[in-house]
Each structure stands twice: as structure tokens, then as C-alpha cells.
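Heads up, protein09.pdb below (PDB, C-alpha atoms, pLDDT in the B column):
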MODEL        1
ATOM      1  CA  MET F 126     152.528 105.689 122.331  1.00 90.00           C
ATOM      2  CA  PRO F 127     156.274 105.324 122.963  1.00 96.00           C
ATOM      3  CA  GLU F 128     158.400 103.912 120.151  1.00 96.00           C
ATOM      4  CA  TYR F 129     161.577 101.899 120.082  1.00 97.00           C
ATOM      5  CA  ASN F 130     163.935 102.500 117.150  1.00 97.00           C
ATOM      6  CA  GLY F 131     166.988 100.224 117.335  1.00 96.00           C
ATOM      7  CA  GLN F 132     170.293 101.847 116.490  1.00 91.00           C
ATOM      8  CA  GLN F 133     172.538  98.788 116.853  1.00 89.00           C
ATOM      9  CA  PRO F 134     173.095  96.582 113.770  1.00 87.00           C
ATOM     10  CA  ARG F 135     171.572  93.573 115.578  1.00 89.00           C
ATOM     11  CA  LEU F 136     168.581  95.607 116.705  1.00 95.00           C
ATOM     12  CA  ASN F 137     167.601  96.734 113.207  1.00 94.00           C
ATOM     13  CA  PHE F 138     163.876  97.172 113.898  1.00 97.00           C
ATOM     14  CA  ARG F 139     161.322  99.517 115.386  1.00 97.00           C
ATOM     15  CA  PHE F 140     157.994  99.109 117.159  1.00 97.00           C
ATOM     16  CA  SER F 141     155.496 100.872 119.432  1.00 96.00           C
ATOM     17  CA  TYR F 142     154.795  99.807 122.996  1.00 96.00           C
ATOM     18  CA  PRO F 143     152.362 100.822 125.748  1.00 94.00           C
ATOM     19  CA  PRO F 144     153.022 103.784 128.025  1.00 94.00           C
ATOM     20  CA  GLY F 145     154.209 102.745 131.470  1.00 93.00           C
ATOM     21  CA  TRP F 146     156.261  99.786 130.237  1.00 95.00           C
ATOM     22  CA  GLU F 147     160.010  99.904 131.064  1.00 95.00           C
ATOM     23  CA  LEU F 148     162.415  99.248 128.209  1.00 97.00           C
ATOM     24  CA  SER F 149     165.947  97.884 128.500  1.00 96.00           C
ATOM     25  CA  GLU F 150     168.420  96.766 125.873  1.00 96.00           C
ATOM     26  CA  GLU F 151     171.357  94.357 125.963  1.00 95.00           C
ATOM     27  CA  VAL F 152     173.831  93.908 123.107  1.00 93.00           C
ATOM     28  CA  GLU F 153     176.609  91.304 123.067  1.00 90.00           C
ATOM     29  CA  SER F 154     178.804  90.088 120.210  1.00 85.00           C
ATOM     30  CA  ASP F 155     176.483  87.190 119.267  1.00 85.00           C
ATOM     31  CA  TYR F 156     173.211  88.138 120.954  1.00 89.00           C
ATOM     32  CA  ALA F 157     171.001  91.151 121.514  1.00 95.00           C
ATOM     33  CA  GLU F 158     167.708  91.672 123.320  1.00 97.00           C
ATOM     34  CA  VAL F 159     165.160  94.379 123.948  1.00 97.00           C
ATOM     35  CA  VAL F 160     163.019  93.739 127.035  1.00 96.00           C
ATOM     36  CA  LEU F 161     159.812  95.510 127.983  1.00 96.00           C
ATOM     37  CA  ASP F 162     158.542  95.008 131.531  1.00 95.00           C
ATOM     38  CA  GLY F 163     154.894  95.846 132.126  1.00 93.00           C
ATOM     39  CA  PRO F 164     153.650  97.690 135.197  1.00 90.00           C
ATOM     40  CA  GLU F 165     154.081  95.476 138.273  1.00 86.00           C
ATOM     41  CA  GLU F 166     150.484  95.917 139.389  1.00 85.00           C
ATOM     42  CA  ALA F 167     149.269  94.575 136.018  1.00 85.00           C
ATOM     43  CA  ASP F 168     150.427  91.043 136.912  1.00 84.00           C
ATOM     44  CA  PRO F 169     151.522  90.752 140.547  1.00 86.00           C
ATOM     45  CA  ASP F 170     151.700  86.929 140.294  1.00 82.00           C
ATOM     46  CA  PHE F 171     154.438  86.730 137.642  1.00 86.00           C
ATOM     47  CA  GLY F 172     154.984  90.025 135.797  1.00 88.00           C
ATOM     48  CA  LEU F 173     154.295  91.040 132.208  1.00 90.00           C
ATOM     49  CA  THR F 174     157.227  90.775 129.827  1.00 94.00           C
ATOM     50  CA  LEU F 175     157.612  91.414 126.125  1.00 96.00           C
ATOM     51  CA  SER F 176     161.019  90.739 124.641  1.00 96.00           C
ATOM     52  CA  ILE F 177     162.726  90.568 121.287  1.00 97.00           C
ATOM     53  CA  ALA F 178     165.902  88.490 121.297  1.00 95.00           C
ATOM     54  CA  VAL F 179     168.206  88.280 118.289  1.00 95.00           C
ATOM     55  CA  PHE F 180     170.635  85.406 117.698  1.00 91.00           C
ATOM     56  CA  ASP F 181     172.975  84.602 114.830  1.00 88.00           C
ATOM     57  CA  ALA F 182     171.379  81.866 112.737  1.00 84.00           C
ATOM     58  CA  ALA F 183     173.499  78.846 111.925  1.00 80.00           C
ATOM     59  CA  PRO F 184     174.627  78.731 108.271  1.00 81.00           C
ATOM     60  CA  GLY F 185     171.934  77.084 106.152  1.00 80.00           C
ATOM     61  CA  GLU F 186     169.287  77.493 108.861  1.00 80.00           C
ATOM     62  CA  THR F 187     166.199  78.368 106.825  1.00 81.00           C
ATOM     63  CA  ASN F 188     163.361  76.105 107.971  1.00 86.00           C
ATOM     64  CA  LEU F 189     161.255  77.956 110.543  1.00 88.00           C
ATOM     65  CA  ARG F 190     159.153  74.882 111.343  1.00 87.00           C
ATOM     66  CA  VAL F 191     162.294  72.931 112.263  1.00 86.00           C
ATOM     67  CA  LEU F 192     163.629  75.860 114.311  1.00 85.00           C
ATOM     68  CA  ALA F 193     160.306  76.136 116.156  1.00 85.00           C
ATOM     69  CA  GLY F 194     160.479  72.414 116.923  1.00 81.00           C
ATOM     70  CA  GLN F 195     164.011  72.796 118.265  1.00 83.00           C
ATOM     71  CA  TYR F 196     162.920  75.799 120.328  1.00 81.00           C
ATOM     72  CA  ALA F 197     160.059  73.807 121.846  1.00 78.00           C
ATOM     73  CA  GLU F 198     162.263  70.764 122.450  1.00 78.00           C
ATOM     74  CA  GLU F 199     164.832  72.852 124.347  1.00 77.00           C
ATOM     75  CA  ARG F 200     162.082  74.113 126.627  1.00 71.00           C
ATOM     76  CA  ARG F 201     160.458  70.698 127.186  1.00 65.00           C
ATOM     77  CA  GLN F 202     163.026  70.076 129.874  1.00 64.00           C
ATOM     78  CA  GLN F 203     160.666  71.941 132.191  1.00 67.00           C
ATOM     79  CA  ALA F 204     158.483  69.107 133.460  1.00 65.00           C
ATOM     80  CA  THR F 205     155.292  71.154 133.356  1.00 80.00           C
ATOM     81  CA  LEU F 206     155.722  72.681 129.888  1.00 83.00           C
ATOM     82  CA  GLN F 207     152.896  72.200 127.405  1.00 87.00           C
ATOM     83  CA  ILE F 208     152.958  73.388 123.814  1.00 87.00           C
ATOM     84  CA  THR F 209     149.343  74.349 123.235  1.00 91.00           C
ATOM     85  CA  SER F 210     149.664  75.433 119.594  1.00 92.00           C
ATOM     86  CA  GLN F 211     152.066  76.031 116.739  1.00 92.00           C
ATOM     87  CA  ARG F 212     151.249  77.660 113.410  1.00 95.00           C
ATOM     88  CA  ALA F 213     152.734  79.559 110.500  1.00 95.00           C
ATOM     89  CA  VAL F 214     152.000  83.315 110.558  1.00 97.00           C
ATOM     90  CA  GLN F 215     153.412  86.593 109.211  1.00 96.00           C
ATOM     91  CA  VAL F 216     155.331  89.196 111.222  1.00 97.00           C
ATOM     92  CA  ALA F 217     156.385  92.423 109.507  1.00 95.00           C
ATOM     93  CA  GLY F 218     155.305  90.847 106.214  1.00 95.00           C
ATOM     94  CA  ARG F 219     157.714  87.946 106.670  1.00 95.00           C
ATOM     95  CA  PRO F 220     157.072  84.256 107.395  1.00 96.00           C
ATOM     96  CA  ALA F 221     157.150  83.361 111.090  1.00 96.00           C
ATOM     97  CA  GLU F 222     156.205  80.517 113.416  1.00 95.00           C
ATOM     98  CA  GLU F 223     153.938  81.196 116.381  1.00 96.00           C
ATOM     99  CA  LEU F 224     154.152  78.965 119.448  1.00 94.00           C
ATOM    100  CA  GLU F 225     151.854  79.022 122.476  1.00 94.00           C
ATOM    101  CA  LEU F 226     153.407  77.564 125.613  1.00 91.00           C
ATOM    102  CA  ARG F 227     152.132  77.008 129.128  1.00 92.00           C
ATOM    103  CA  PHE F 228     154.054  75.938 132.239  1.00 89.00           C
ATOM    104  CA  ARG F 229     153.874  76.128 136.026  1.00 88.00           C
ATOM    105  CA  ILE F 230     156.472  77.598 138.369  1.00 84.00           C
ATOM    106  CA  GLU F 231     156.725  78.100 142.108  1.00 83.00           C
ATOM    107  CA  ILE F 232     156.821  81.715 143.296  1.00 83.00           C
ATOM    108  CA  ALA F 233     156.748  82.492 147.025  1.00 82.00           C
ATOM    109  CA  ASP F 234     155.258  79.074 147.917  1.00 85.00           C
ATOM    110  CA  GLU F 235     152.542  79.409 145.292  1.00 86.00           C
ATOM    111  CA  THR F 236     152.215  77.639 141.967  1.00 89.00           C
ATOM    112  CA  VAL F 237     151.687  80.083 139.110  1.00 89.00           C
ATOM    113  CA  THR F 238     150.657  79.050 135.599  1.00 91.00           C
ATOM    114  CA  VAL F 239     152.552  81.071 133.005  1.00 91.00           C
ATOM    115  CA  ARG F 240     151.569  81.472 129.367  1.00 93.00           C
ATOM    116  CA  GLN F 241     153.904  82.491 126.565  1.00 94.00           C
ATOM    117  CA  ARG F 242     153.307  83.396 122.954  1.00 96.00           C
ATOM    118  CA  VAL F 243     156.496  83.237 120.911  1.00 95.00           C
ATOM    119  CA  TYR F 244     157.131  84.311 117.313  1.00 97.00           C
ATOM    120  CA  LEU F 245     160.243  83.081 115.531  1.00 95.00           C
ATOM    121  CA  LEU F 246     161.442  84.574 112.256  1.00 94.00           C
ATOM    122  CA  LEU F 247     164.611  84.478 110.201  1.00 92.00           C
ATOM    123  CA  GLU F 248     165.894  87.625 108.570  1.00 91.00           C
ATOM    124  CA  TYR F 249     169.342  89.004 107.694  1.00 87.00           C
ATOM    125  CA  GLY F 250     171.020  85.748 108.812  1.00 88.00           C
ATOM    126  CA  ARG F 251     169.553  86.116 112.291  1.00 91.00           C
ATOM    127  CA  LEU F 252     166.844  84.403 114.320  1.00 92.00           C
ATOM    128  CA  TYR F 253     164.402  86.843 115.914  1.00 95.00           C
ATOM    129  CA  GLU F 254     162.395  85.649 118.924  1.00 95.00           C
ATOM    130  CA  ILE F 255     159.464  87.844 119.963  1.00 97.00           C
ATOM    131  CA  ASN F 256     158.153  86.629 123.307  1.00 96.00           C
ATOM    132  CA  TYR F 257     155.171  87.693 125.436  1.00 96.00           C
ATOM    133  CA  SER F 258     154.937  86.141 128.919  1.00 94.00           C
ATOM    134  CA  ALA F 259     152.394  86.621 131.684  1.00 93.00           C
ATOM    135  CA  SER F 260     150.526  84.657 134.305  1.00 92.00           C
ATOM    136  CA  GLN F 261     147.482  82.753 133.090  1.00 91.00           C
ATOM    137  CA  ALA F 262     145.311  85.260 134.974  1.00 90.00           C
ATOM    138  CA  ALA F 263     146.797  88.329 133.239  1.00 93.00           C
ATOM    139  CA  PHE F 264     147.710  86.964 129.791  1.00 94.00           C
ATOM    140  CA  ASP F 265     144.517  87.743 127.852  1.00 93.00           C
ATOM    141  CA  ARG F 266     143.919  90.999 129.725  1.00 91.00           C
ATOM    142  CA  HIS F 267     147.214  92.468 128.496  1.00 92.00           C
ATOM    143  CA  ALA F 268     147.684  90.687 125.152  1.00 93.00           C
ATOM    144  CA  ALA F 269     146.884  93.981 123.383  1.00 93.00           C
ATOM    145  CA  ALA F 270     150.451  95.068 124.225  1.00 94.00           C
ATOM    146  CA  LEU F 271     151.750  92.192 122.095  1.00 94.00           C
ATOM    147  CA  ASP F 272     149.231  92.912 119.343  1.00 95.00           C
ATOM    148  CA  GLY F 273     150.337  96.561 119.202  1.00 95.00           C
ATOM    149  CA  LEU F 274     154.005  95.594 119.062  1.00 96.00           C
ATOM    150  CA  LEU F 275     153.381  93.095 116.245  1.00 96.00           C
ATOM    151  CA  GLU F 276     151.252  95.544 114.228  1.00 96.00           C
ATOM    152  CA  SER F 277     153.922  98.259 114.451  1.00 97.00           C
ATOM    153  CA  PHE F 278     157.007  96.023 114.146  1.00 97.00           C
ATOM    154  CA  THR F 279     159.148  96.786 111.087  1.00 96.00           C
ATOM    155  CA  PHE F 280     162.734  96.177 110.059  1.00 95.00           C
ATOM    156  CA  HIS F 281     165.120  98.937 108.948  1.00 91.00           C
ATOM    157  CA  ASP F 282     165.543  97.731 105.381  1.00 74.00           C
TER     158      ASP F 282
ENDMDL
END
What's the C-alpha cells form of this structure?
Amino acid sequence: MPEYNGQQPRLNFRFSYPPGWELSEEVESDYAEVVLDGPEEADPDFGLTLSIAVFDAAPGETNLRVLAGQYAEERRQQATLQITSQRAVQVAGRPAEELELRFRIEIADETVTVRQRVYLLLEYGRLYEINYSASQAAFDRHAAALDGLLESFTFHD
């Protein structure tokens, strides 16, 4: 299985991902992201995407439940967005919040239901957002890619 091993200070983590997924990385002064795009044929309706975005946390920002609420509120501006679950979990042995989201979008004159599973965690003064997105039809079929990433995800301590 291919492995990602971040070399930038903001991308101070490593994880495994499925063969055939394309990896790209973007690093800015206040933001960084690693994006994995699944094979196009795996989800022709929307596309499979796994991403890990890293943002500077505001000073004193320590409550993951509040941050998850803010995250959800920012996304509620999409009229079709539903938050189907939110719970406290662990990622890389650290506290995290898991959100399940569902929304509809128009693609090529068709309405596609998209599901997302998002993990938010605070570490090293940064907010880490791990996000898996796929069409409703493909989400469960390819969720093992997310499971593998989460099981192998570790920080460079």
C-alpha cells in the first residue's frame, strides 16, 4: 500500500492509502492540504475524495465540540445539507469529533446525493480536518479507504 509521509511542518503526519488513488499536496502560509482522488470509475456520479486540511487554530481554541458545531454551521448555508450524526472519537490516539453530513448537488442536469464523513482534531496549535466524500451510491462501497487512512494515521512527534 502506498504511504504518505509529510515533510512540511504543517503536514507533520503520515498515513497509508489505496493503490490507484492520486495524491496532491498544497502548502500555503496559513493552510495546507493533502488530497487523495479515487479512481474515476469508482464513483462516476461525484468522485471519491479523501483530504486532510490543516489550519492554524485560533488562540485558546480547545473545545472540539464547539469547533465541530461551527464547522457544521458554516456548511448549513447549503440548503440541502443535513448533519446526520456527530460524536466524540479518537484519531491517532487523540480526541476528535466525527461528523456525518449529507447534501444534494446538481451535476450535468442530475441531482446527486453526496455523503461526507469529517474528523476534526486539534494538535500542535492547528485544526486538522480529515474528510471523506463520495456519492451516496459509492460511499459505503469505498469507505475502507477512509478506514485504512485512519488506522495508519500518525503524527511525527
Worksheet item: So what do you get for CA of Pro184 (chain F) versus CA of Glu223 (chain F), distance-wise?
Response: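 Separation between CA of Pro184 (chain F) and CA of Glu223 (chain F): 22.4 Å.
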To test your reading of the syntax: which residues would the PyMOL selection byres ((chain F and resi 127) around 12) return for the file shown? Reply as a PDB file with C-alpha atoms, in the frame of the given file.
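What follows is the written file selection05.pdb:
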ATOM      1  CA  MET F 126     152.528 105.689 122.331  1.00 90.00           C
ATOM      2  CA  GLU F 128     158.400 103.912 120.151  1.00 96.00           C
ATOM      3  CA  TYR F 129     161.577 101.899 120.082  1.00 97.00           C
ATOM      4  CA  ASN F 130     163.935 102.500 117.150  1.00 97.00           C
ATOM      5  CA  ARG F 139     161.322  99.517 115.386  1.00 97.00           C
ATOM      6  CA  PHE F 140     157.994  99.109 117.159  1.00 97.00           C
ATOM      7  CA  SER F 141     155.496 100.872 119.432  1.00 96.00           C
ATOM      8  CA  TYR F 142     154.795  99.807 122.996  1.00 96.00           C
ATOM      9  CA  PRO F 143     152.362 100.822 125.748  1.00 94.00           C
ATOM     10  CA  PRO F 144     153.022 103.784 128.025  1.00 94.00           C
ATOM     11  CA  GLY F 145     154.209 102.745 131.470  1.00 93.00           C
ATOM     12  CA  TRP F 146     156.261  99.786 130.237  1.00 95.00           C
ATOM     13  CA  GLU F 147     160.010  99.904 131.064  1.00 95.00           C
ATOM     14  CA  LEU F 148     162.415  99.248 128.209  1.00 97.00           C
ATOM     15  CA  LEU F 161     159.812  95.510 127.983  1.00 96.00           C
ATOM     16  CA  ALA F 270     150.451  95.068 124.225  1.00 94.00           C
ATOM     17  CA  GLY F 273     150.337  96.561 119.202  1.00 95.00           C
ATOM     18  CA  LEU F 274     154.005  95.594 119.062  1.00 96.00           C
ATOM     19  CA  SER F 277     153.922  98.259 114.451  1.00 97.00           C
TER      20      SER F 277
END
Which polymer residues have any atom within 7 Å of an atom of region 225-240 of chain F, counting all atoms listed in the file, with same-chain residues fewer than 4 positions away left out, as a CSV table (one decimal) with C-alpha atoms, in the coordinates of the input?
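Wrote part-v4.csv, looks like this:
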chain,number,residue,atom,x,y,z
F,170,ASP,CA,151.7,86.9,140.3
F,205,THR,CA,155.3,71.2,133.4
F,206,LEU,CA,155.7,72.7,129.9
F,207,GLN,CA,152.9,72.2,127.4
F,208,ILE,CA,153.0,73.4,123.8
F,209,THR,CA,149.3,74.3,123.2
F,210,SER,CA,149.7,75.4,119.6
F,211,GLN,CA,152.1,76.0,116.7
F,258,SER,CA,154.9,86.1,128.9
F,259,ALA,CA,152.4,86.6,131.7
F,260,SER,CA,150.5,84.7,134.3
F,261,GLN,CA,147.5,82.8,133.1
F,264,PHE,CA,147.7,87.0,129.8
Worksheet entry | Nearest to Glu153 (chain F) by atom-to-atom distance, counting all atoms listed in the file, from F:Pro134, F:Pro220, F:Gly172, F:Gly185 |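 Closest candidate: F:Pro134.
In this structure, CA of Gln195 (chain F) sits 12.9 Å away from CA of Ala182 (chain F).
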